[in-house]
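See below for start22.tsv, which holds TSV, C-alpha atoms.
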chain	number	residue	atom	x	y	z
A	1	MET	CA	-14.11	-15.58	128.40
A	2	GLU	CA	-15.11	-17.05	125.04
A	3	ILE	CA	-12.66	-16.63	122.11
A	4	ALA	CA	-15.23	-14.56	120.18
A	5	GLU	CA	-15.61	-12.22	123.13
A	6	LEU	CA	-11.84	-11.86	123.52
A	7	THR	CA	-11.46	-11.08	119.81
A	8	GLY	CA	-14.20	-8.50	120.06
A	9	THR	CA	-12.54	-6.90	123.07
A	10	VAL	CA	-9.16	-6.70	121.31
A	11	THR	CA	-10.76	-5.26	118.17
A	12	GLU	CA	-12.55	-2.60	120.19
A	13	ARG	CA	-9.36	-1.78	122.07
A	14	ARG	CA	-7.55	-1.28	118.76
A	15	ARG	CA	-10.38	0.89	117.48
A	16	ILE	CA	-10.17	3.07	120.58
A	17	THR	CA	-6.39	3.46	120.12
A	18	ARG	CA	-6.83	4.31	116.44
A	19	ASN	CA	-9.50	6.86	117.28
A	20	LYS	CA	-7.29	8.35	119.99
A	21	ILE	CA	-4.54	8.92	117.41
A	22	TYR	CA	-6.97	10.33	114.85
A	23	GLN	CA	-8.54	12.75	117.34
A	24	TYR	CA	-5.08	13.82	118.47
A	25	LEU	CA	-4.19	14.73	114.88
A	26	TYR	CA	-7.59	16.39	114.38
A	27	THR	CA	-7.14	18.74	117.33
A	28	ALA	CA	-3.41	19.37	116.84
A	29	SER	CA	-2.56	22.93	115.81
A	30	SER	CA	0.08	21.69	113.36
A	31	PRO	CA	1.20	18.38	111.75
A	32	ARG	CA	2.72	15.84	114.14
A	33	SER	CA	5.38	13.19	113.71
A	34	LYS	CA	5.06	9.55	114.74
A	35	GLN	CA	7.48	10.20	117.57
A	36	GLU	CA	5.43	13.13	118.88
A	37	ILE	CA	2.21	11.07	118.71
A	38	ALA	CA	3.81	8.20	120.63
A	39	SER	CA	5.26	10.53	123.25
A	40	ASP	CA	2.17	12.67	123.79
A	41	LEU	CA	-0.26	9.73	123.87
A	42	LEU	CA	2.07	7.41	125.82
A	43	LEU	CA	1.92	4.76	123.11
A	44	SER	CA	4.67	2.58	121.70
A	45	LEU	CA	6.11	3.46	118.29
A	46	PRO	CA	5.04	0.08	116.79
A	47	THR	CA	1.46	0.72	117.95
A	48	VAL	CA	1.47	4.21	116.45
A	49	HIS	CA	3.06	2.93	113.24
A	50	GLN	CA	0.45	0.17	112.80
A	51	ASN	CA	-2.53	2.45	113.40
A	52	LEU	CA	-1.18	5.23	111.22
A	53	ASN	CA	-0.68	2.77	108.38
A	54	GLU	CA	-4.36	1.81	108.62
A	55	LEU	CA	-5.40	5.48	108.60
A	56	LEU	CA	-3.05	6.31	105.72
A	57	GLU	CA	-4.29	3.37	103.65
A	58	ALA	CA	-7.89	4.45	104.29
A	59	GLY	CA	-7.04	7.95	103.06
A	60	LEU	CA	-7.98	9.51	106.39
A	61	VAL	CA	-4.49	10.75	107.32
A	62	GLU	CA	-1.92	12.28	105.01
A	63	ALA	CA	1.66	13.47	105.05
A	64	ALA	CA	2.11	17.21	105.48
A	65	GLY	CA	5.75	17.78	104.65
A	66	LEU	CA	8.91	17.41	106.69
A	67	GLN	CA	9.25	18.90	110.14
A	68	GLN	CA	12.15	21.02	111.33
A	69	SER	CA	15.27	19.04	112.13
A	70	THR	CA	16.24	18.47	115.75
A	71	GLY	CA	19.68	17.24	114.78
A	72	GLY	CA	18.88	14.01	112.99
A	73	ARG	CA	16.79	12.94	110.07
A	74	ARG	CA	13.79	15.22	109.54
A	75	ALA	CA	10.53	13.51	110.51
A	76	THR	CA	7.44	13.53	108.33
A	77	GLY	CA	4.55	15.58	109.68
A	78	LEU	CA	1.12	13.96	109.62
A	79	THR	CA	-2.36	15.44	109.71
A	80	ILE	CA	-5.91	14.38	108.93
A	81	ALA	CA	-7.07	14.38	105.32
A	82	ALA	CA	-9.72	17.08	105.64
A	83	ASN	CA	-11.43	16.27	102.34
A	84	ALA	CA	-11.61	12.52	102.93
A	85	ARG	CA	-15.25	12.93	103.96
A	86	PHE	CA	-17.83	15.70	103.89
A	87	ALA	CA	-21.31	16.43	105.12
A	88	VAL	CA	-24.08	18.59	103.70
A	89	GLY	CA	-26.12	21.14	105.61
A	90	ILE	CA	-29.45	22.37	104.22
A	91	SER	CA	-31.26	25.41	105.59
A	92	LEU	CA	-34.97	25.99	104.97
A	93	THR	CA	-36.20	29.57	104.99
A	94	GLN	CA	-39.34	31.23	103.75
A	95	ASN	CA	-37.75	32.26	100.47
A	96	HIS	CA	-34.79	29.95	99.91
A	97	LEU	CA	-33.20	26.55	100.24
A	98	ARG	CA	-29.50	26.84	101.01
A	99	PHE	CA	-27.01	24.00	100.59
A	100	LEU	CA	-23.49	23.83	102.01
A	101	ALA	CA	-20.92	21.05	101.88
A	102	ALA	CA	-18.31	21.09	104.64
A	103	ASN	CA	-15.22	18.94	104.95
A	104	LEU	CA	-13.95	17.36	108.16
A	105	ARG	CA	-12.30	20.63	109.19
A	106	MET	CA	-15.62	22.47	108.95
A	107	GLU	CA	-14.36	24.26	105.84
A	108	GLU	CA	-16.88	25.18	103.18
A	109	ILE	CA	-16.23	23.31	99.93
A	110	ALA	CA	-19.46	24.13	98.08
A	111	TYR	CA	-22.45	26.44	98.52
A	112	GLN	CA	-25.68	27.02	96.64
A	113	LYS	CA	-28.87	29.04	97.23
A	114	THR	CA	-32.10	28.03	95.52
A	115	PRO	CA	-35.19	30.29	95.56
A	116	LEU	CA	-38.49	29.12	97.00
A	117	HIS	CA	-41.34	30.95	95.34
A	118	LYS	CA	-44.15	29.71	97.55
A	119	ALA	CA	-44.90	27.54	100.56
A	120	LEU	CA	-45.07	23.84	99.72
A	121	GLN	CA	-46.74	20.83	101.28
A	122	PRO	CA	-44.25	18.79	103.36
A	123	GLU	CA	-44.15	15.87	100.90
A	124	THR	CA	-43.59	18.19	97.95
A	125	LEU	CA	-40.95	20.12	99.89
A	126	GLY	CA	-39.20	16.85	100.70
A	127	LEU	CA	-39.11	15.87	97.03
A	128	LEU	CA	-37.76	19.30	96.08
A	129	ILE	CA	-35.01	19.06	98.72
A	130	ALA	CA	-33.98	15.65	97.38
A	131	ALA	CA	-33.91	16.83	93.76
A	132	GLU	CA	-32.00	20.02	94.55
A	133	LEU	CA	-29.51	18.10	96.68
A	134	GLU	CA	-28.67	15.74	93.82
A	135	SER	CA	-28.27	18.74	91.52
A	136	PHE	CA	-25.99	20.38	94.10
A	137	LEU	CA	-23.79	17.27	94.39
A	138	ASP	CA	-23.55	16.98	90.60
A	139	ARG	CA	-22.86	20.67	90.05
A	140	PHE	CA	-19.83	20.65	92.35
A	141	GLY	CA	-18.65	17.14	91.50
A	142	LEU	CA	-19.00	15.91	95.08
A	143	ASN	CA	-18.32	12.19	95.56
A	144	ARG	CA	-21.38	10.61	97.12
A	145	GLN	CA	-19.25	7.76	98.48
A	146	ARG	CA	-17.62	10.29	100.79
A	147	LEU	CA	-20.88	11.87	101.96
A	148	LEU	CA	-21.40	11.26	105.70
A	149	GLY	CA	-24.93	12.55	105.85
A	150	VAL	CA	-27.35	15.41	105.28
A	151	GLY	CA	-28.51	17.78	108.00
A	152	ILE	CA	-31.61	19.94	107.55
A	153	ALA	CA	-32.19	23.08	109.65
A	154	VAL	CA	-35.73	24.35	110.09
A	155	PRO	CA	-36.84	27.61	111.75
A	156	GLY	CA	-39.35	25.92	114.02
A	157	ILE	CA	-40.16	24.34	117.35
A	158	PHE	CA	-39.74	20.57	117.65
A	159	ASN	CA	-41.25	18.01	119.97
A	160	THR	CA	-39.05	16.55	122.72
A	161	GLN	CA	-38.20	13.50	120.57
A	162	GLY	CA	-37.04	15.77	117.74
A	163	ASP	CA	-39.02	13.86	115.11
A	164	GLN	CA	-41.90	16.30	114.66
A	165	ILE	CA	-42.00	19.99	113.78
A	166	LEU	CA	-44.69	21.39	116.03
A	167	LEU	CA	-44.63	24.87	114.56
A	168	ALA	CA	-42.61	26.58	111.83
A	169	PRO	CA	-44.81	29.56	110.91
A	170	THR	CA	-42.59	31.07	108.22
A	171	MET	CA	-42.52	27.69	106.43
A	172	GLN	CA	-46.23	27.08	107.12
A	173	LEU	CA	-45.42	23.76	108.77
A	174	HIS	CA	-47.58	22.65	111.67
A	175	GLY	CA	-47.42	19.24	113.35
A	176	VAL	CA	-45.27	17.79	110.55
A	177	SER	CA	-43.18	14.64	110.89
A	178	THR	CA	-39.54	15.25	109.98
A	179	ALA	CA	-39.71	11.98	108.02
A	180	LEU	CA	-41.76	13.79	105.36
A	181	LEU	CA	-38.77	16.05	104.65
A	182	THR	CA	-36.22	13.22	104.52
A	183	ALA	CA	-38.13	10.30	102.98
A	184	ALA	CA	-36.78	10.91	99.46
A	185	LEU	CA	-33.15	11.29	100.59
A	186	PRO	CA	-31.02	8.13	100.18
A	187	TYR	CA	-28.49	9.29	102.79
A	188	PRO	CA	-28.32	9.41	106.60
A	189	CYS	CA	-30.40	12.41	107.67
A	190	PHE	CA	-30.76	14.69	110.67
A	191	VAL	CA	-33.27	17.51	111.20
A	192	SER	CA	-32.74	20.28	113.73
A	193	ASN	CA	-33.93	23.69	114.84
A	194	ASP	CA	-31.91	26.33	112.96
A	195	ALA	CA	-30.74	28.29	116.01
A	196	THR	CA	-29.69	25.11	117.81
A	197	ALA	CA	-27.64	24.15	114.77
A	198	GLY	CA	-25.98	27.57	114.66
A	199	GLY	CA	-25.22	27.42	118.37
A	200	TYR	CA	-23.66	23.98	117.98
A	201	ALA	CA	-21.32	25.25	115.26
A	202	GLU	CA	-20.25	28.16	117.43
A	203	TRP	CA	-19.71	25.96	120.48
A	204	PHE	CA	-17.58	23.54	118.46
A	205	ALA	CA	-15.47	26.36	116.98
A	206	GLN	CA	-14.48	27.92	120.30
A	207	ASP	CA	-11.16	27.11	121.94
A	208	SER	CA	-12.71	26.04	125.24
A	209	ARG	CA	-15.56	23.63	125.84
A	210	GLU	CA	-17.53	25.90	128.13
A	211	SER	CA	-21.31	26.09	127.96
A	212	ILE	CA	-22.73	28.96	125.93
A	213	ALA	CA	-25.99	30.71	125.23
A	214	TYR	CA	-26.28	31.46	121.51
A	215	LEU	CA	-28.41	34.45	120.51
A	216	SER	CA	-29.20	34.57	116.80
A	217	LEU	CA	-29.97	38.03	115.40
A	218	GLU	CA	-31.58	37.48	112.02
A	219	ASN	CA	-34.89	38.75	110.62
A	220	GLY	CA	-36.19	36.81	113.60
A	221	VAL	CA	-34.42	36.45	116.94
A	222	GLY	CA	-33.81	32.97	118.30
A	223	GLY	CA	-31.22	31.08	120.22
A	224	ALA	CA	-29.96	27.94	121.83
A	225	LEU	CA	-28.38	26.77	125.04
A	226	LEU	CA	-25.37	24.44	124.65
A	227	LEU	CA	-24.38	22.70	127.88
A	228	GLY	CA	-20.94	21.28	127.27
A	229	GLY	CA	-21.87	20.98	123.62
A	230	ALA	CA	-25.18	19.23	124.21
A	231	PRO	CA	-28.26	21.29	123.33
A	232	TYR	CA	-30.69	21.76	126.19
A	233	HIS	CA	-34.17	21.61	124.69
A	234	GLY	CA	-36.29	22.10	127.78
A	235	THR	CA	-39.45	20.32	128.90
A	236	ASN	CA	-41.46	21.42	125.86
A	237	GLY	CA	-38.68	21.80	123.30
A	238	ARG	CA	-38.77	25.59	123.58
A	239	SER	CA	-35.50	26.33	125.38
A	240	GLY	CA	-33.54	29.14	123.78
A	241	GLU	CA	-36.53	31.11	122.55
A	242	PHE	CA	-34.66	34.23	123.63
A	243	GLY	CA	-36.43	36.35	121.04
A	244	HIS	CA	-39.54	36.30	123.21
A	245	ILE	CA	-37.97	37.56	126.40
A	246	CYS	CA	-39.98	40.66	127.28
A	247	VAL	CA	-37.63	43.66	127.29
A	248	GLU	CA	-40.29	46.38	127.15
A	249	PRO	CA	-43.68	45.59	128.76
A	250	GLY	CA	-46.45	46.87	126.51
A	251	GLY	CA	-43.88	47.83	123.87
A	252	LEU	CA	-43.64	47.13	120.16
A	253	ALA	CA	-45.83	44.41	118.68
A	254	CYS	CA	-44.10	41.10	117.99
A	255	LYS	CA	-45.02	38.54	115.33
A	256	CYS	CA	-45.89	36.12	118.13
A	257	GLY	CA	-48.87	38.30	119.03
A	258	LYS	CA	-47.41	39.72	122.25
A	259	ARG	CA	-45.76	43.07	122.88
A	260	GLY	CA	-42.30	44.07	124.00
A	261	CYS	CA	-40.40	40.96	122.87
A	262	LEU	CA	-36.67	41.15	122.19
A	263	GLU	CA	-37.41	40.13	118.59
A	264	ALA	CA	-39.57	43.20	118.08
A	265	TYR	CA	-36.62	45.43	119.01
A	266	CYS	CA	-33.53	43.56	117.85
A	267	SER	CA	-34.29	41.73	114.62
A	268	ALA	CA	-32.47	42.70	111.45
A	269	ALA	CA	-35.84	43.66	110.01
A	270	ARG	CA	-36.19	46.49	112.48
A	271	VAL	CA	-33.22	48.38	111.04
A	272	SER	CA	-33.77	47.47	107.41
A	273	ASP	CA	-37.24	46.35	106.36
A	274	ASP	CA	-39.01	48.72	108.73
A	275	LEU	CA	-37.07	51.64	107.22
A	276	GLY	CA	-37.32	50.33	103.69
A	277	ILE	CA	-33.54	50.12	103.30
A	278	SER	CA	-30.85	47.44	103.30
A	279	LEU	CA	-28.67	46.66	106.29
A	280	GLU	CA	-25.71	48.08	104.36
A	281	ASP	CA	-27.55	51.37	103.82
A	282	PHE	CA	-28.57	51.56	107.47
A	283	PHE	CA	-25.03	51.15	108.78
A	284	ALA	CA	-23.68	53.50	106.13
A	285	GLY	CA	-26.13	56.09	107.38
A	286	LEU	CA	-25.14	55.33	110.95
A	287	ALA	CA	-21.47	55.87	110.10
A	288	ALA	CA	-22.44	59.17	108.44
A	289	ARG	CA	-24.09	60.30	111.72
A	290	ASN	CA	-27.65	60.19	110.42
A	291	THR	CA	-29.57	61.23	113.53
A	292	THR	CA	-32.57	59.01	112.79
A	293	HIS	CA	-30.32	56.01	112.42
A	294	GLU	CA	-28.37	56.94	115.57
A	295	ALA	CA	-31.52	57.18	117.69
A	296	LEU	CA	-32.87	53.86	116.43
A	297	TRP	CA	-29.50	52.14	116.91
A	298	GLU	CA	-29.10	53.35	120.48
A	299	ASP	CA	-32.58	52.02	121.22
A	300	TYR	CA	-31.61	48.73	119.55
A	301	LEU	CA	-28.50	48.40	121.72
A	302	GLN	CA	-30.38	49.32	124.89
A	303	HIS	CA	-32.91	46.55	124.35
A	304	LEU	CA	-30.30	44.06	123.18
A	305	ALA	CA	-28.35	44.74	126.38
A	306	ALA	CA	-31.51	44.11	128.41
A	307	GLY	CA	-32.08	40.78	126.70
A	308	VAL	CA	-28.46	39.69	126.99
A	309	SER	CA	-28.34	40.72	130.66
A	310	THR	CA	-31.40	38.61	131.38
A	311	ILE	CA	-29.80	35.60	129.69
A	312	ARG	CA	-26.61	36.13	131.68
A	313	MET	CA	-28.46	36.54	134.98
A	314	VAL	CA	-30.45	33.34	134.50
A	315	LEU	CA	-27.81	31.10	132.91
A	316	ASP	CA	-24.50	32.62	134.09
A	317	CYS	CA	-22.58	31.62	130.95
A	318	SER	CA	-21.03	33.33	127.96
A	319	VAL	CA	-23.47	34.79	125.45
A	320	VAL	CA	-22.43	34.42	121.80
A	321	LEU	CA	-24.16	36.74	119.35
A	322	GLY	CA	-24.75	35.20	115.94
A	323	GLY	CA	-26.69	35.85	112.76
A	324	ILE	CA	-26.43	38.42	110.02
A	325	MET	CA	-26.47	41.42	112.40
A	326	THR	CA	-23.10	40.41	113.84
A	327	GLN	CA	-21.39	41.35	110.56
A	328	TYR	CA	-21.92	44.97	111.66
A	329	LEU	CA	-21.73	44.74	115.45
A	330	ALA	CA	-17.97	44.77	116.09
A	331	PRO	CA	-17.58	48.60	116.28
A	332	TYR	CA	-20.51	48.78	118.70
A	333	LEU	CA	-19.56	45.84	120.95
A	334	PRO	CA	-17.91	48.13	123.58
A	335	ARG	CA	-21.11	50.17	123.86
A	336	LEU	CA	-23.24	47.03	124.12
A	337	ARG	CA	-21.00	45.66	126.86
A	338	GLU	CA	-21.17	48.99	128.69
A	339	LEU	CA	-24.96	48.95	128.62
A	340	ALA	CA	-25.13	45.30	129.71
A	341	ALA	CA	-22.66	45.79	132.56
A	342	ALA	CA	-24.73	48.70	133.88
A	343	GLN	CA	-27.65	46.31	134.37
A	344	ASN	CA	-25.70	43.65	136.27
A	345	PRO	CA	-25.20	44.07	140.05
A	346	PHE	CA	-22.55	41.32	140.20
A	347	GLU	CA	-20.17	42.23	137.37
A	348	SER	CA	-18.43	45.46	136.41
A	349	SER	CA	-17.83	44.39	132.82
A	350	ALA	CA	-19.65	42.34	130.22
A	351	ASP	CA	-16.78	40.57	128.51
A	352	TYR	CA	-18.97	37.47	128.51
A	353	ILE	CA	-20.64	38.89	125.37
A	354	ARG	CA	-18.84	37.58	122.28
A	355	LEU	CA	-19.41	37.81	118.56
A	356	CYS	CA	-19.77	34.58	116.61
A	357	ARG	CA	-17.19	33.02	114.31
A	358	TYR	CA	-19.73	32.22	111.60
A	359	PRO	CA	-22.01	35.23	111.02
A	360	LYS	CA	-23.42	33.97	107.71
A	361	ARG	CA	-23.59	30.17	107.62
A	362	ALA	CA	-23.47	28.87	111.19
A	363	THR	CA	-26.80	27.08	110.76
A	364	LEU	CA	-25.62	25.15	107.71
A	365	LEU	CA	-22.31	24.25	109.32
A	366	GLY	CA	-24.07	23.21	112.52
A	367	VAL	CA	-26.34	20.62	110.93
A	368	ALA	CA	-23.46	19.31	108.81
A	369	LEU	CA	-21.32	19.13	111.96
A	370	HIS	CA	-23.74	16.57	113.41
A	371	PHE	CA	-22.30	13.98	111.02
A	372	ILE	CA	-18.72	15.26	111.09
A	373	GLN	CA	-18.54	15.05	114.87
A	374	ASP	CA	-20.09	11.58	114.86
A	375	PHE	CA	-17.49	10.43	112.34
A	376	ILE	CA	-14.60	11.88	114.32
A	377	GLN	CA	-15.77	10.28	117.56
A	378	SER	CA	-16.69	6.86	116.21
A	379	LEU	CA	-13.92	6.22	113.65
Structure rendered as structure tokens:
Amino acid sequence: MEIAELTGTVTERRRITRNKIYQYLYTASSPRSKQEIASDLLLSLPTVHQNLNELLEAGLVEAAGLQQSTGGRRATGLTIAANARFAVGISLTQNHLRFLAANLRMEEIAYQKTPLHKALQPETLGLLIAAELESFLDRFGLNRQRLLGVGIAVPGIFNTQGDQILLAPTMQLHGVSTALLTAALPYPCFVSNDATAGGYAEWFAQDSRESIAYLSLENGVGGALLLGGAPYHGTNGRSGEFGHICVEPGGLACKCGKRGCLEAYCSAARVSDDLGISLEDFFAGLAARNTTHEALWEDYLQHLAAGVSTIRMVLDCSVVLGGIMTQYLAPYLPRLRELAAAQNPFESSADYIRLCRYPKRATLLGVALHFIQDFIQSL
């Protein structure tokens, strides 16, 4: 083996060891001492000491106080420096641009919502995103040297390569290259479907690493399938379009032009916009036993159970409910599970239905997570 190759091998081996220590600290539930790191990872104390010094000097690991004494000198606890780096997630909707900065722990450190008054051409929209991003970074004093990258979530269908938005009707984008949205941004960029991004955030936040189906209940109904954390896009990039499962043949008209879609029955708009009231007013009326609200809500849950049961039957994995509707769903989760279980010949309960961890900003966290996860894995 040539000397250069040997040096490269040793350097890579050291990087792997350093990353192993960093990931150990990242996933630890509490600060860890050098001795605990060495013992748990089966590494020598000198090796741990050398790698920790590099991470400490780089500002990526920090001391977190003294641990409880076991009889001798109290050891210093160590953890990752959560604010050493951050990523920005941007969400495009019909009426707003939303910006969120998240640190390495997926904690929100800044948030801003900017109104969009009309649909824009892709190039103009890209320039607006770039200008608003710089304003966002300045407003919150975010250090650009620590910015890992910028993720953009779009409510649309992408091609299989992920570099073209085939259709985003609410944004009036059709056959648009993602490069038009990112060309003016001087940072690493990533563009994703909004529901896929939300699903990725929810998958990452769970304790296990099981596959999940993510069902997003917003003014539209979408979703994503995460197989071990990797999004499954399907042959045509349309996997996870759960909102267009037919739950009532010949039923209510859907925006897609068909009838009976899950979206027509279980979007947030059905219990707010269609009644001319806010979600808060609807659920207040429901709590007050308004009979009109009760009848509509029971119908909502019946159709949601049908959609969820179909997802479970086909995919046989946990179904995580996300989106703004989940802020109100907790009191009604037992009823939803009861209805779903009644439709399943193989299971007597529907505990596989779970509510999301991020009901408001999963999409933003998910596209930011693309860069956070890459940093954690490749450090």
*Pick out the residues sitting within 7 Å of Leu252 (chain A), and hand them over as an MDAnalysis selection string; count all atoms listed in the file, and ignore anything fewer than 5 positions along from it in its own chain.*
chainID A and resid 259:260 264
*Determine, counting all atoms listed in the file, which protein, DNA and RNA residues have an atom within 12 Å of an atom of Ala119 (chain A); residues of the same chain fewer than 3 positions away are not included. Present the result as an NGL selection string.*
:A and (92-97 or 115-116 or 122-125 or 128 or 168-173)
_Report, in Å to a single decimal, how far apart CA of Arg32 (chain A) and CA of Ala81 (chain A) are._
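Those two atoms sit 13.3 Å apart.
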*Near region 225-234 of chain A, within 12 Å and counting all atoms listed in the file, which residues show up once chain neighbours fewer than 5 positions away are dropped, as a PyMOL selection string?*
chain A and resi 157-162+192-193+195-206+208-216+239-242+311-312+314-320+366+369-370+373
Which centre and which edge lengths, in Å to one decimal, describe the axis-aligned box that holds all listed atoms of region 244-263 of chain A after 3 Å is added on each side, as JSON?
{"center_x": -42.8, "center_y": 42.0, "center_z": 122.0, "size_x": 18.2, "size_y": 17.7, "size_z": 19.4}
_For a quick check of understanding, using all atoms listed in the file, which of A:Thr178, A:Arg361, A:Leu148, A:Ile21 has the smallest distance to Leu43 (chain A)?_
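Result for the nearest residue to Leu43 (chain A): A:Ile21.
Note that CA of Gly156 (chain A) and CA of Cys256 (chain A) are 12.8 Å apart.
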*Name all residues at most 10 Å from Arg270 (chain A) (count all atoms listed in the file; drop same-chain ones fewer than 5 positions away) and give them as a VMD selection string.*
chain A and resid 219 to 220 263 to 265 275 to 276 279 296 to 297 300
*Separation of CA of Ile152 (chain A) from CA of His244 (chain A), in Å and rounded to one decimal*: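 Between these atoms lies a distance of 24.0 Å.
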_Under the rule that all atoms listed in the file are counted, which of A:Tyr352, A:Phe282, A:Phe371, A:Tyr24 is the nearest residue to Tyr328 (chain A)?_
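Counting all atoms listed in the file, the residue closest to Tyr328 (chain A) is A:Phe282.
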*Determine the nearest neighbour of Leu217 (chain A) from the options A:Ala288, A:Leu45, A:Ile324, A:Ala306, counting only C-alpha atoms.*
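Going through A:Ala288, A:Leu45, A:Ile324, A:Ala306 one by one, the smallest distance to Leu217 (chain A) is for A:Ile324.
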*From the list A:Ile80, A:Val48, A:Ala130, A:Ile16, which residue is nearest Ser30 (chain A) when using all atoms listed in the file?*
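Nearest candidate to Ser30 (chain A) out of A:Ile80, A:Val48, A:Ala130, A:Ile16: A:Ile80.
Checking A:Ser378, A:Thr310, A:Gln35, A:Asn103 one by one against Leu365 (chain A), counting all atoms listed in the file, you find the shortest gap at A:Asn103.
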*Mind checking which residues fall within 12 Å of Ile37 (chain A), counting only C-alpha atoms, ignoring those fewer than 4 positions away in the same chain, and posting them as a list in words?*
Thr17, Arg18, Lys20, Ile21, Tyr22, Gln23, Tyr24, Leu25, Tyr26, Ala28, Pro31, Arg32, Ser33, Leu41, Leu42, Leu43, Ser44, Leu45, Pro46, Thr47, Val48, His49, Asn51, Leu52, Ala75, Thr76, Gly77, Leu78 and Thr79 of chain A
*Which residues, protein or nucleic acid, reach to within 8 Å of (-12.3, 18.6, 107.4) in the file's coordinates when using only C-alpha atoms, and can you give that as number ranges by chain?*
A: 80-86, 102-107
